[in-house]
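Student: Just coords-v6.pdb, nothing more (PDB, C-alpha atoms):
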```pdb
ATOM      1  CA  ASP K1160       3.832 -12.055 -11.617
ATOM      2  CA  ILE K1161       7.240 -12.508 -10.069
ATOM      3  CA  ALA K1162       8.274 -15.504 -12.208
ATOM      4  CA  SER K1163       7.669 -13.542 -15.438
ATOM      5  CA  ILE K1164       9.564 -10.521 -14.124
ATOM      6  CA  CYS K1165      12.494 -12.698 -13.014
ATOM      7  CA  SER K1166      12.498 -14.438 -16.381
ATOM      8  CA  LEU K1167      12.629 -11.106 -18.219
ATOM      9  CA  MET K1168      15.208  -9.542 -15.927
ATOM     10  CA  THR K1169      17.561 -12.546 -16.241
ATOM     11  CA  ASP K1170      17.173 -12.914 -20.019
ATOM     12  CA  GLU K1171      20.437 -11.465 -21.338
ATOM     13  CA  THR K1172      19.101 -11.602 -24.921
ATOM     14  CA  LYS K1173      16.868  -8.640 -23.973
ATOM     15  CA  GLY K1174      19.902  -6.373 -23.543
ATOM     16  CA  SER K1175      21.697  -4.863 -20.574
ATOM     17  CA  PRO K1176      20.058  -4.841 -17.121
ATOM     18  CA  ILE K1177      18.878  -1.238 -17.659
ATOM     19  CA  GLU K1178      17.475  -2.146 -21.100
ATOM     20  CA  ARG K1179      15.617  -5.094 -19.542
ATOM     21  CA  LEU K1180      14.204  -2.755 -16.914
ATOM     22  CA  ALA K1181      13.010  -0.465 -19.721
ATOM     23  CA  VAL K1182      11.326  -3.455 -21.420
ATOM     24  CA  LEU K1183       9.616  -4.317 -18.119
ATOM     25  CA  SER K1184       8.473  -0.727 -17.601
ATOM     26  CA  ALA K1185       7.071  -0.552 -21.135
ATOM     27  CA  ALA K1186       5.219  -3.850 -20.605
ATOM     28  CA  GLN K1187       3.734  -2.624 -17.338
ATOM     29  CA  ASN K1188       2.724   0.746 -18.768
ATOM     30  CA  SER K1189       1.136  -0.193 -22.112
ATOM     31  CA  GLY K1190       4.293   0.737 -23.990
ATOM     32  CA  SER K1191       4.331   4.281 -22.632
ATOM     33  CA  CYS K1192       7.348   5.970 -21.144
ATOM     34  CA  VAL K1193       7.130   6.785 -17.456
ATOM     35  CA  SER K1194       8.311  10.197 -16.380
ATOM     36  CA  ALA K1195      10.997  10.089 -13.705
ATOM     37  CA  SER K1196      10.760  13.849 -13.144
ATOM     38  CA  TYR K1197      10.240  14.931  -9.543
ATOM     39  CA  GLU K1198       8.571  18.120 -10.771
ATOM     40  CA  HIS K1199       6.165  16.073 -12.906
ATOM     41  CA  MET K1200       5.298  13.922  -9.880
ATOM     42  CA  LEU K1201       4.620  17.045  -7.786
ATOM     43  CA  SER K1202       2.453  18.412 -10.587
ATOM     44  CA  LEU K1203       0.380  15.197 -10.618
ATOM     45  CA  ALA K1204       0.107  15.218  -6.822
ATOM     46  CA  SER K1205      -1.121  18.816  -6.897
ATOM     47  CA  ASN K1206      -3.767  18.228  -9.588
ATOM     48  CA  PRO K1207      -7.244  18.129  -7.973
ATOM     49  CA  LEU K1208      -8.480  15.904 -10.840
ATOM     50  CA  ASN K1209      -5.963  13.171  -9.987
ATOM     51  CA  PRO K1210      -7.840  10.322  -8.250
ATOM     52  CA  ASP K1211      -4.626   9.139  -6.558
ATOM     53  CA  ARG K1212      -4.698  12.282  -4.417
ATOM     54  CA  ALA K1213      -7.174  10.701  -1.985
ATOM     55  CA  TRP K1214      -4.590   8.206  -0.743
ATOM     56  CA  LEU K1215      -1.873  10.857  -0.748
ATOM     57  CA  TYR K1216      -4.085  13.227   1.233
ATOM     58  CA  GLN K1217      -4.726  10.542   3.836
ATOM     59  CA  THR K1218      -0.981   9.960   4.226
ATOM     60  CA  CYS K1219      -0.492  13.693   4.775
ATOM     61  CA  SER K1220      -3.497  14.268   7.045
ATOM     62  CA  GLU K1221      -3.848  11.013   9.003
ATOM     63  CA  TRP K1222      -1.490   8.098   8.565
ATOM     64  CA  GLY K1223       2.000   8.909   7.421
ATOM     65  CA  PHE K1224       2.721   5.440   6.018
ATOM     66  CA  TYR K1225       5.634   6.698   3.953
ATOM     67  CA  GLN K1226       7.990   4.477   1.984
ATOM     68  CA  THR K1227      11.308   6.012   2.928
ATOM     69  CA  CYS K1228      14.805   4.665   2.511
ATOM     70  CA  GLU K1229      16.973   6.521   4.985
ATOM     71  CA  ASP K1230      20.793   6.498   4.943
ATOM     72  CA  GLY K1231      22.170   3.784   7.224
ATOM     73  CA  SER K1232      18.837   1.899   7.369
ATOM     74  CA  GLN K1233      18.152  -1.723   6.429
ATOM     75  CA  CYS K1234      16.294  -0.520   3.317
ATOM     76  CA  PRO K1235      17.325  -2.656   0.302
ATOM     77  CA  TYR K1236      16.851   0.199  -2.175
ATOM     78  CA  THR K1237      18.919   3.310  -2.870
ATOM     79  CA  GLN K1238      19.397   4.875   0.549
ATOM     80  CA  GLY K1239      19.030   8.613   0.996
ATOM     81  CA  LEU K1240      17.117   9.132  -2.249
ATOM     82  CA  HIS K1241      13.658   9.059  -0.650
ATOM     83  CA  THR K1242      13.678  10.412   2.889
ATOM     84  CA  ILE K1243      10.841  11.633   5.101
ATOM     85  CA  ASP K1244      11.663  15.187   3.981
ATOM     86  CA  VAL K1245      10.575  14.252   0.442
ATOM     87  CA  ASP K1246       7.154  13.196   1.746
ATOM     88  CA  TYR K1247       6.852  16.347   3.831
ATOM     89  CA  GLU K1248       7.640  18.395   0.710
ATOM     90  CA  ILE K1249       4.957  16.531  -1.264
ATOM     91  CA  CYS K1250       2.363  17.207   1.465
ATOM     92  CA  LEU K1251       3.229  20.889   1.482
ATOM     93  CA  ALA K1252       3.230  21.224  -2.331
ATOM     94  CA  ALA K1253       0.058  19.203  -2.927
ATOM     95  CA  PHE K1254      -2.087  20.260   0.041
ATOM     96  CA  GLY K1255      -0.337  23.047   1.943
ATOM     97  CA  ILE K1256       0.127  20.708   4.945
ATOM     98  CA  SER K1257       3.329  21.411   6.892
ATOM     99  CA  ASP K1258       5.599  18.741   8.346
ATOM    100  CA  GLU K1259       4.543  19.764  11.862
ATOM    101  CA  ALA K1260       0.880  19.290  10.919
ATOM    102  CA  VAL K1261       1.627  15.876   9.368
ATOM    103  CA  ASP K1262       3.370  14.708  12.549
ATOM    104  CA  LYS K1263       0.569  16.055  14.740
ATOM    105  CA  GLN K1264      -2.164  14.343  12.691
ATOM    106  CA  ILE K1265      -0.300  11.016  12.666
ATOM    107  CA  ALA K1266       0.045  11.148  16.453
ATOM    108  CA  TYR K1267      -3.667  11.949  16.761
ATOM    109  CA  THR K1268      -4.655   9.081  14.438
ATOM    110  CA  ASN K1269      -2.467   6.631  16.382
ATOM    111  CA  THR K1270      -4.038   7.780  19.652
ATOM    112  CA  VAL K1271      -7.605   7.455  18.363
ATOM    113  CA  TYR K1272      -7.175   4.114  16.576
ATOM    114  CA  GLY K1273      -4.505   2.479  18.708
ATOM    115  CA  GLY K1274      -1.570   2.603  16.317
ATOM    116  CA  ALA K1275       0.115  -0.800  16.111
ATOM    117  CA  ASN K1276      -2.104  -2.043  18.974
ATOM    118  CA  ILE K1277      -5.519  -1.474  17.401
ATOM    119  CA  GLN K1278      -8.396  -2.912  19.434
ATOM    120  CA  SER K1279     -11.760  -2.906  17.738
ATOM    121  CA  SER K1280     -14.175  -5.259  16.045
ATOM    122  CA  ARG K1281     -15.099  -6.330  12.535
ATOM    123  CA  ILE K1282     -11.711  -5.598  11.025
ATOM    124  CA  LEU K1283     -10.149  -8.184   8.729
ATOM    125  CA  PHE K1284      -6.429  -7.891   8.034
ATOM    126  CA  PRO K1285      -5.550  -9.681   4.765
ATOM    127  CA  SER K1286      -1.862  -9.745   3.847
ATOM    128  CA  GLY K1287      -0.052 -11.107   0.814
ATOM    129  CA  GLN K1288       3.059 -13.184   1.363
ATOM    130  CA  ILE K1289       5.075 -11.313  -1.286
ATOM    131  CA  ASP K1290       3.624  -7.896  -0.524
ATOM    132  CA  PRO K1291       6.464  -5.727   0.787
ATOM    133  CA  TRP K1292       3.856  -3.989   2.981
ATOM    134  CA  HIS K1293       3.000  -7.171   4.881
ATOM    135  CA  ALA K1294       5.768  -6.384   7.373
ATOM    136  CA  SER K1295       3.758  -3.315   8.432
ATOM    137  CA  SER K1296       0.449  -5.166   8.587
ATOM    138  CA  VAL K1297      -1.280  -6.876  11.460
ATOM    139  CA  LEU K1298      -0.155 -10.506  11.145
ATOM    140  CA  GLU K1299      -1.537 -11.888  14.417
ATOM    141  CA  ALA K1300      -5.168 -11.326  15.350
ATOM    142  CA  PRO K1301      -5.337  -8.675  18.102
ATOM    143  CA  ASN K1302      -8.590 -10.241  19.327
ATOM    144  CA  SER K1303     -11.330 -12.594  18.125
ATOM    145  CA  GLU K1304     -13.141  -9.746  16.321
ATOM    146  CA  GLU K1305     -10.093  -8.811  14.229
ATOM    147  CA  PRO K1306      -9.040 -11.863  12.226
ATOM    148  CA  VAL K1307      -6.041 -12.011   9.917
ATOM    149  CA  LEU K1308      -5.835 -13.675   6.522
ATOM    150  CA  TRP K1309      -2.483 -14.776   5.088
ATOM    151  CA  VAL K1310      -2.534 -15.136   1.286
ATOM    152  CA  ARG K1311       0.318 -17.344   0.118
ATOM    153  CA  GLY K1312       2.053 -16.132  -3.044
ATOM    154  CA  ALA K1313      -0.013 -12.939  -3.295
ATOM    155  CA  SER K1314       1.235  -9.404  -3.693
ATOM    156  CA  HIS K1315      -0.309  -6.141  -2.521
ATOM    157  CA  HIS K1316      -4.145  -6.391  -2.327
ATOM    158  CA  PHE K1317      -4.316  -8.883  -5.203
ATOM    159  CA  TRP K1318      -7.710 -10.062  -3.929
ATOM    160  CA  THR K1319      -9.206  -6.615  -4.642
ATOM    161  CA  HIS K1320      -8.424  -6.795  -8.368
ATOM    162  CA  PRO K1321     -11.048  -8.035 -10.815
ATOM    163  CA  SER K1322     -11.191 -11.827 -10.989
ATOM    164  CA  LEU K1323      -9.232 -13.422 -13.816
ATOM    165  CA  SER K1324      -8.965 -17.001 -15.017
ATOM    166  CA  THR K1325      -5.238 -16.772 -14.243
ATOM    167  CA  ASP K1326      -5.756 -15.978 -10.538
ATOM    168  CA  SER K1327      -4.001 -18.369  -8.202
ATOM    169  CA  ALA K1328      -6.031 -20.748  -6.055
ATOM    170  CA  GLU K1329      -4.807 -18.824  -3.009
ATOM    171  CA  VAL K1330      -6.166 -15.502  -4.318
ATOM    172  CA  VAL K1331      -9.498 -17.126  -5.218
ATOM    173  CA  ALA K1332      -9.671 -18.655  -1.728
ATOM    174  CA  ALA K1333      -8.818 -15.271  -0.174
ATOM    175  CA  ARG K1334     -11.706 -13.596  -2.012
ATOM    176  CA  GLU K1335     -14.048 -16.330  -0.794
ATOM    177  CA  ALA K1336     -12.791 -15.997   2.790
ATOM    178  CA  ILE K1337     -13.189 -12.208   2.708
ATOM    179  CA  TRP K1338     -16.691 -12.530   1.251
ATOM    180  CA  ALA K1339     -17.666 -15.074   3.919
ATOM    181  CA  GLN K1340     -16.300 -12.904   6.738
ATOM    182  CA  VAL K1341     -18.026  -9.730   5.536
ATOM    183  CA  SER K1342     -21.266 -11.672   4.956
ATOM    184  CA  GLU K1343     -21.097 -12.949   8.513
ATOM    185  CA  TRP K1344     -20.624  -9.442   9.887
ATOM    186  CA  LEU K1345     -23.169  -7.544   7.808
ATOM    187  CA  PRO K1346     -26.424  -9.098   9.031
ATOM    188  CA  ALA K1347     -25.419  -8.755  12.700
ATOM    189  CA  LYS K1348     -27.483  -6.313  14.722
ATOM    190  CA  ARG K1349     -25.934  -2.932  15.137
ATOM    191  CA  VAL K1350     -25.160  -1.762  18.622
ATOM    192  CA  THR K1351     -26.540   1.669  19.466
ATOM    193  CA  VAL K1352     -24.216   3.763  21.577
TER     194      VAL K1352
END
```
Before we go any further, please render this structure as structure tokens.
Tutor:
Amino acid sequence: DIASICSLMTDETKGSPIERLAVLSAAQNSGSCVSASYEHMLSLASNPLNPDRAWLYQTCSEWGFYQTCEDGSQCPYTQGLHTIDVDYEICLAAFGISDEAVDKQIAYTNTVYGGANIQSSRILFPSGQIDPWHASSVLEAPNSEEPVLWVRGASHHFWTHPSLSTDSAEVVAAREAIWAQVSEWLPAKRVTV
């Protein structure tokens, strides 16, 4: 949670800022070191046994959805370190998908599904207040069949994690709201086209 991370990162008794970051990384990774090697990351992305490849493949073949930080942008992180060319390189190394093919598939997906102006039914858009991705989410219901759910104090898809006694009331309420919405939709008669 953010309060614990802030507490650790501002606790000067834990060492220098970089040492505190190392303590945080160890705590988040069961004490293991995390490789910062680009080659190691490409190796993982190229491994067919890696379950994270499904999401990566979808970014290369359908969505884009890359987390870049271009020079001169408003990105708060190190600019120029992760550009779109890095993602194109990953797609090529992991799946043999060229940058031209990525761009073409993203354009196709946006045409089919409506891009930022999606119009459909039975889509719920939950977003966490402290999720950095919420800025790219649908925050106002496009129509009555596509409701949104704002989860105060929640990070990225917190409501999809296993329930814990430490879950906030807002996350518990979000799970209940999602369950109620899906339950309402499921028994409805299907329309045959």
Student: Please provide the set of residues having any atom within 10 Å of segment 1259-1264 of chain K, restricted to all atoms listed in the file, with same-chain residues fewer than 5 positions apart removed, written as a count of residues only.
Tutor: 13
Student: Could you spell out the hits of the PyMOL selection byres ((chain K and resi 1325-1335) around 10) on the shown file, as a PDB file with C-alpha atoms, in the coordinates of the input?
Tutor:
```
ATOM      1  CA  PRO K1285      -5.550  -9.681   4.765  1.00  0.00           C
ATOM      2  CA  SER K1286      -1.862  -9.745   3.847  1.00  0.00           C
ATOM      3  CA  GLY K1287      -0.052 -11.107   0.814  1.00  0.00           C
ATOM      4  CA  LEU K1308      -5.835 -13.675   6.522  1.00  0.00           C
ATOM      5  CA  TRP K1309      -2.483 -14.776   5.088  1.00  0.00           C
ATOM      6  CA  VAL K1310      -2.534 -15.136   1.286  1.00  0.00           C
ATOM      7  CA  ARG K1311       0.318 -17.344   0.118  1.00  0.00           C
ATOM      8  CA  GLY K1312       2.053 -16.132  -3.044  1.00  0.00           C
ATOM      9  CA  ALA K1313      -0.013 -12.939  -3.295  1.00  0.00           C
ATOM     10  CA  SER K1314       1.235  -9.404  -3.693  1.00  0.00           C
ATOM     11  CA  HIS K1316      -4.145  -6.391  -2.327  1.00  0.00           C
ATOM     12  CA  PHE K1317      -4.316  -8.883  -5.203  1.00  0.00           C
ATOM     13  CA  TRP K1318      -7.710 -10.062  -3.929  1.00  0.00           C
ATOM     14  CA  THR K1319      -9.206  -6.615  -4.642  1.00  0.00           C
ATOM     15  CA  HIS K1320      -8.424  -6.795  -8.368  1.00  0.00           C
ATOM     16  CA  PRO K1321     -11.048  -8.035 -10.815  1.00  0.00           C
ATOM     17  CA  SER K1322     -11.191 -11.827 -10.989  1.00  0.00           C
ATOM     18  CA  LEU K1323      -9.232 -13.422 -13.816  1.00  0.00           C
ATOM     19  CA  SER K1324      -8.965 -17.001 -15.017  1.00  0.00           C
ATOM     20  CA  ALA K1336     -12.791 -15.997   2.790  1.00  0.00           C
ATOM     21  CA  ILE K1337     -13.189 -12.208   2.708  1.00  0.00           C
ATOM     22  CA  TRP K1338     -16.691 -12.530   1.251  1.00  0.00           C
ATOM     23  CA  ALA K1339     -17.666 -15.074   3.919  1.00  0.00           C
ATOM     24  CA  GLN K1340     -16.300 -12.904   6.738  1.00  0.00           C
ATOM     25  CA  VAL K1341     -18.026  -9.730   5.536  1.00  0.00           C
TER      26      VAL K1341
END
```
Student: Rounded to one decimal, what separation in Å do you get between atom CA of Ser1296 of chain K and atom CA of Asn1188 of chain K?
Tutor: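 These two atoms are separated by 28.1 Å.
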Student: Which residue, K:Ile1282, K:Tyr1225, K:Ala1253, K:Pro1210, has the smallest gap to Glu1198 of chain K when you use all atoms listed in the file?
Tutor: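 Checking each candidate against Glu1198 of chain K, we get K:Ala1253 as the closest.
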Student: How many Å separate atom CA of Ile1243 of chain K from atom CA of Leu1180 of chain K?
Tutor: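 Interatomic distance, atom CA of Ile1243 of chain K to atom CA of Leu1180 of chain K: 26.5 Å.
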Student: The residues within 9 Å of (12.2, 10.2, 4.0), using all atoms listed in the file and the coordinates of the file, should be reported as a PyMOL selection string; which are they?
Tutor: chain K and resi 1225-1229+1239-1247
Student: Need the shell around Glu1304 of chain K: protein/DNA/RNA residues with any atom at most 8 Å away, counting all atoms listed in the file. Skip same-chain ones fewer than 5 positions apart. Format as a PyMOL selection string?
Tutor: chain K and resi 1279-1282
Student: Please list as an NGL selection string every residue within 9 Å of Ala1300 of chain K, counting all atoms listed in the file and excluding residues in the same chain fewer than 4 positions away.
Tutor: :K and (1283-1284 or 1304-1307)
Student: Calculate how many Å separate atom CA of Asn1276 of chain K from atom CA of Pro1301 of chain K, rounding to one decimal.
Tutor: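 For atom CA of Asn1276 of chain K relative to atom CA of Pro1301 of chain K, the distance reads 7.4 Å.
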Student: What are the centre and the three edge lengths of an axis-aligned box that wraps all atoms of segment 1226-1243 of chain K in the file, given that 8 Å is added to every side, written as lines of an AutoDock Vina configuration file and rounded to one decimal in Å?
Tutor:
```
center_x = 15.1
center_y = 4.5
center_z = 2.2
size_x = 30.2
size_y = 30.3
size_z = 26.2
```
Student: As number ranges by chain, please: the residues near Glu1178 of chain K (cut-off 12 Å, only C-alpha atoms, same-chain neighbours under 6 positions excluded).
Tutor: K: 1167-1172, 1184-1185
Student: Nearest to Pro1291 of chain K among K:Ser1257, K:Pro1235, K:Tyr1267, K:Ser1196, with distances taken over only C-alpha atoms: which residue is it?
Tutor: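 Of K:Ser1257, K:Pro1235, K:Tyr1267, K:Ser1196, the one nearest Pro1291 of chain K is K:Pro1235, counting only C-alpha atoms.
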Student: Ala1204 of chain K: which residues within 8 Å, counting only C-alpha atoms, same-chain residues fewer than 6 positions away excluded, as a list of chain:residue names?
Tutor: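 Surrounding residues, per the criterion: K:Asp1211, K:Arg1212, K:Leu1215, K:Ile1249, K:Ala1253.
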Student: Check the smallest atom-to-atom distance from each of K:Lys1173, K:Arg1179, K:Ser1232, K:His1315 to Ile1289 of chain K using all atoms listed in the file, then report the winner.
Tutor: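 Closest candidate: K:His1315.
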